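Novice: Before anything else, here's the structure in question.
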Amino acid sequence: MVRALFPGTFDPIHYGHIDIAQRAARLFDEVIMAVYDRPLKTLMFEPDERMALVQQAFQGNPKIKVTGYSGLTIEYARKVHAQVIVRGLRVFSDFEFEFRMALANQRLATDIDTVALITAEEHTFLSSSTVREIAALGGDVSSMVPPFVDQALRAKVT
């Protein structure tokens, strides 16, 4: 069985994340959506809120599990016995960051590979920060996130 770890803050989860996770689930036996609890950036949603939104996004998909974690991603990958870390690439500038991160992770754990999936064309502009900013300014993000995430965003910004 090949277990993949898809780590991120998912603040909030959007259709780009969902697309990558669903495609990873076609490639691997199990995908663990790992919601990072304390990144070095300002977040809109608390860890438990982000976990709940991610869980709702994959309700009914037995191949996708949702967990929270802290600390080094590569250490968490070891802890859950993941053989692969999944990352999504939207634009070329993502490649440089992800490439350096994959090399650092490889240095720390040679037995865990990184697989980068190219986002679907319609999601290339999507990022959680873009979604948060549009929502905070009263814009319509209904085409970018599932309805339950849209509702959670509206509740946060009103």
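Scheme for the structure tokens: letters A, B, ... for chains in order shown; per-chain residue numbers from 1; ligand numbers from 1 in order shown.
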Skip stretch 82-89 of chain A itself and residues of its chain fewer than 4 positions away, then list as a ChimeraX atom specification all residues within 7 Å of it, counting only C-alpha atoms.
Specialist: /A:2-6,20,77-78,94-95,111-119
Novice: Generate the output file for the selected residues, all heavy atoms, as a compact mmCIF listing (two decimals), in the first residue's frame.
Specialist:
# COMPACT_ATOMS: atom_id res chain seq x y z
N VAL A 2 0.58 2.17 -0.89
CA VAL A 2 1.33 3.42 -0.96
C VAL A 2 0.48 4.53 -0.35
O VAL A 2 -0.61 4.83 -0.83
CB VAL A 2 1.73 3.78 -2.41
CG1 VAL A 2 2.49 5.10 -2.44
CG2 VAL A 2 2.57 2.66 -3.02
N ARG A 3 1.02 5.11 0.72
CA ARG A 3 0.33 6.19 1.43
C ARG A 3 1.02 7.51 1.07
O ARG A 3 2.24 7.63 1.16
CB ARG A 3 0.42 5.94 2.93
CG ARG A 3 -0.22 7.03 3.76
CD ARG A 3 -0.22 6.67 5.24
NE ARG A 3 -1.12 5.54 5.44
CZ ARG A 3 -0.84 4.49 6.20
NH1 ARG A 3 0.31 4.41 6.83
NH2 ARG A 3 -1.72 3.51 6.33
N ALA A 4 0.20 8.49 0.70
CA ALA A 4 0.71 9.81 0.34
C ALA A 4 0.25 10.83 1.36
O ALA A 4 -0.87 10.75 1.87
CB ALA A 4 0.22 10.21 -1.05
N LEU A 5 1.09 11.79 1.63
CA LEU A 5 0.78 12.88 2.54
C LEU A 5 0.66 14.17 1.73
O LEU A 5 1.57 14.51 0.98
CB LEU A 5 1.90 13.03 3.58
CG LEU A 5 1.70 14.09 4.65
CD1 LEU A 5 0.66 13.63 5.65
CD2 LEU A 5 3.02 14.37 5.36
N PHE A 6 -0.46 14.85 1.86
CA PHE A 6 -0.66 16.14 1.20
C PHE A 6 -0.76 17.18 2.31
O PHE A 6 -1.82 17.39 2.89
CB PHE A 6 -1.92 16.10 0.34
CG PHE A 6 -2.20 17.36 -0.46
CD1 PHE A 6 -1.30 18.40 -0.56
CD2 PHE A 6 -3.39 17.49 -1.14
CE1 PHE A 6 -1.56 19.55 -1.30
CE2 PHE A 6 -3.69 18.62 -1.89
CZ PHE A 6 -2.77 19.65 -1.96
N ILE A 20 -6.20 18.56 -6.61
CA ILE A 20 -4.93 17.85 -6.41
C ILE A 20 -5.14 16.61 -5.55
O ILE A 20 -4.64 15.53 -5.86
CB ILE A 20 -3.86 18.79 -5.79
CG1 ILE A 20 -3.49 19.93 -6.75
CG2 ILE A 20 -2.62 18.00 -5.35
CD1 ILE A 20 -2.75 19.51 -8.00
N ALA A 77 5.46 12.83 8.05
CA ALA A 77 5.37 11.80 7.00
C ALA A 77 5.91 10.47 7.52
O ALA A 77 5.31 9.42 7.28
CB ALA A 77 6.12 12.26 5.75
N ARG A 78 7.03 10.54 8.22
CA ARG A 78 7.59 9.31 8.82
C ARG A 78 6.61 8.71 9.83
O ARG A 78 6.40 7.50 9.86
CB ARG A 78 8.90 9.63 9.54
CG ARG A 78 10.10 9.58 8.69
CD ARG A 78 11.33 9.60 9.59
NE ARG A 78 12.51 9.70 8.79
CZ ARG A 78 13.41 10.67 8.89
NH1 ARG A 78 13.25 11.64 9.77
NH2 ARG A 78 14.46 10.70 8.11
N ASP A 94 6.06 28.55 -8.32
CA ASP A 94 5.88 27.50 -7.31
C ASP A 94 6.97 26.45 -7.42
O ASP A 94 7.38 25.87 -6.42
CB ASP A 94 4.53 26.79 -7.48
CG ASP A 94 3.34 27.61 -7.07
OD1 ASP A 94 3.52 28.67 -6.44
OD2 ASP A 94 2.21 27.18 -7.39
N PHE A 95 7.43 26.19 -8.64
CA PHE A 95 8.40 25.12 -8.86
C PHE A 95 9.67 25.34 -8.06
O PHE A 95 10.17 24.41 -7.41
CB PHE A 95 8.73 24.96 -10.34
CG PHE A 95 9.78 23.92 -10.59
CD1 PHE A 95 9.45 22.57 -10.56
CD2 PHE A 95 11.10 24.27 -10.80
CE1 PHE A 95 10.41 21.60 -10.75
CE2 PHE A 95 12.08 23.30 -10.99
CZ PHE A 95 11.73 21.97 -10.96
N ASP A 111 14.02 7.99 2.01
CA ASP A 111 13.02 6.97 1.68
C ASP A 111 11.64 7.56 1.39
O ASP A 111 10.70 6.83 1.11
CB ASP A 111 12.93 5.93 2.77
CG ASP A 111 12.60 6.54 4.13
OD1 ASP A 111 12.99 7.70 4.39
OD2 ASP A 111 11.96 5.86 4.96
N ILE A 112 11.50 8.88 1.47
CA ILE A 112 10.21 9.53 1.20
C ILE A 112 10.38 10.44 -0.01
O ILE A 112 11.23 11.33 -0.02
CB ILE A 112 9.72 10.34 2.42
CG1 ILE A 112 9.54 9.40 3.62
CG2 ILE A 112 8.41 11.05 2.09
CD1 ILE A 112 9.21 10.11 4.92
N ASP A 113 9.59 10.18 -1.04
CA ASP A 113 9.68 10.96 -2.27
C ASP A 113 8.64 12.07 -2.29
O ASP A 113 7.62 11.99 -1.62
CB ASP A 113 9.45 10.05 -3.49
CG ASP A 113 10.63 9.13 -3.76
OD1 ASP A 113 11.76 9.64 -3.78
OD2 ASP A 113 10.40 7.93 -3.94
N THR A 114 8.90 13.08 -3.11
CA THR A 114 7.94 14.16 -3.33
C THR A 114 7.42 14.04 -4.75
O THR A 114 8.20 13.87 -5.69
CB THR A 114 8.60 15.53 -3.14
OG1 THR A 114 9.07 15.63 -1.79
CG2 THR A 114 7.62 16.66 -3.42
N VAL A 115 6.11 14.11 -4.89
CA VAL A 115 5.46 14.08 -6.20
C VAL A 115 4.70 15.39 -6.35
O VAL A 115 3.89 15.75 -5.49
CB VAL A 115 4.49 12.89 -6.31
CG1 VAL A 115 3.67 12.97 -7.59
CG2 VAL A 115 5.25 11.58 -6.23
N ALA A 116 4.98 16.11 -7.42
CA ALA A 116 4.30 17.38 -7.69
C ALA A 116 3.29 17.17 -8.81
O ALA A 116 3.63 16.65 -9.87
CB ALA A 116 5.30 18.45 -8.07
N LEU A 117 2.06 17.55 -8.54
CA LEU A 117 1.01 17.47 -9.55
C LEU A 117 0.72 18.89 -10.05
O LEU A 117 0.57 19.82 -9.24
CB LEU A 117 -0.25 16.85 -8.96
CG LEU A 117 -0.12 15.41 -8.47
CD1 LEU A 117 -1.42 14.94 -7.82
CD2 LEU A 117 0.26 14.48 -9.61
N ILE A 118 0.61 19.02 -11.35
CA ILE A 118 0.30 20.30 -11.96
C ILE A 118 -1.19 20.55 -11.80
O ILE A 118 -2.01 19.69 -12.13
CB ILE A 118 0.67 20.31 -13.47
CG1 ILE A 118 2.11 19.85 -13.68
CG2 ILE A 118 0.39 21.67 -14.08
CD1 ILE A 118 3.17 20.71 -13.09
N THR A 119 -1.54 21.73 -11.32
CA THR A 119 -2.94 22.04 -11.12
C THR A 119 -3.69 22.09 -12.44
O THR A 119 -3.09 22.32 -13.50
CB THR A 119 -3.10 23.39 -10.37
OG1 THR A 119 -4.44 23.51 -9.94
CG2 THR A 119 -2.74 24.56 -11.24
Novice: What are the closest atom pairs, with distances in Å to one decimal, for each residue of stretch 6-32 of chain A lying within 8 Å of stretch 62-73 of chain A, using only C-alpha atoms, rows by chain and rising residue number, as JSON lines?
Specialist:
{"residue": "A:Pro7", "atom": "CA", "partner": "A:Thr73", "partner_atom": "CA", "distance": 7.2}
{"residue": "A:Ala21", "atom": "CA", "partner": "A:Ile64", "partner_atom": "CA", "distance": 7.8}
{"residue": "A:Ala25", "atom": "CA", "partner": "A:Lys63", "partner_atom": "CA", "distance": 6.2}
{"residue": "A:Asp29", "atom": "CA", "partner": "A:Lys63", "partner_atom": "CA", "distance": 6.6}
{"residue": "A:Glu30", "atom": "CA", "partner": "A:Lys63", "partner_atom": "CA", "distance": 4.8}
{"residue": "A:Val31", "atom": "CA", "partner": "A:Ile64", "partner_atom": "CA", "distance": 4.8}
{"residue": "A:Ile32", "atom": "CA", "partner": "A:Lys65", "partner_atom": "CA", "distance": 4.8}
Novice: So how far away is atom CA of A:Ala34 from atom CA of A:Phe99, in Å?
Specialist: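 Distance reported for this atom pair: 19.7 Å.
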Novice: Could you pull out all residues of chain A with a DSSP call of strand (DSSP E) and give them as an NGL selection string?
Specialist: :A and (3-8 or 30-36 or 64-69 or 84-89 or 113-118)
Novice: Measuring atom to atom with only C-alpha atoms, identify which of A:Met1, A:Val91, A:Met44, A:Ala57 is nearest to A:Glu133.
Specialist: A:Met44
Novice: Between atom CA of A:Ser127 and atom CA of A:Thr110, what distance in Å does the model show, to one decimal?
Specialist: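 Computing the Euclidean distance for atom CA of A:Ser127 and atom CA of A:Thr110 yields 29.6 Å.
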Novice: Run DSSP on the backbone of this structure and report the residues of chain A it assigns to alpha helix (DSSP H), as an MDAnalysis selection string.
Specialist: chainID A and resid 15:27 47:57 73:79 92:108 128:136 147:157
Novice: Enter the distance from atom CA of A:Gly16 to atom CA of A:Leu108, in Å, rounded to one decimal.
Specialist: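 Those two atoms sit 28.2 Å apart.
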Novice: Would you pick out the contacts of A:Pro146 at 10 Å or less, using only C-alpha atoms, so that residues sharing its chain but fewer than 3 positions from it are not included, and give the list as a list of chain:residue names?
Specialist: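 Using only C-alpha atoms, the neighbours found are A:Ile13, A:His14, A:Tyr15, A:Ile18, A:Leu53, A:Gln56, A:Ala57, A:Val141, A:Ser142, A:Ser143, A:Val149, A:Asp150, A:Gln151.
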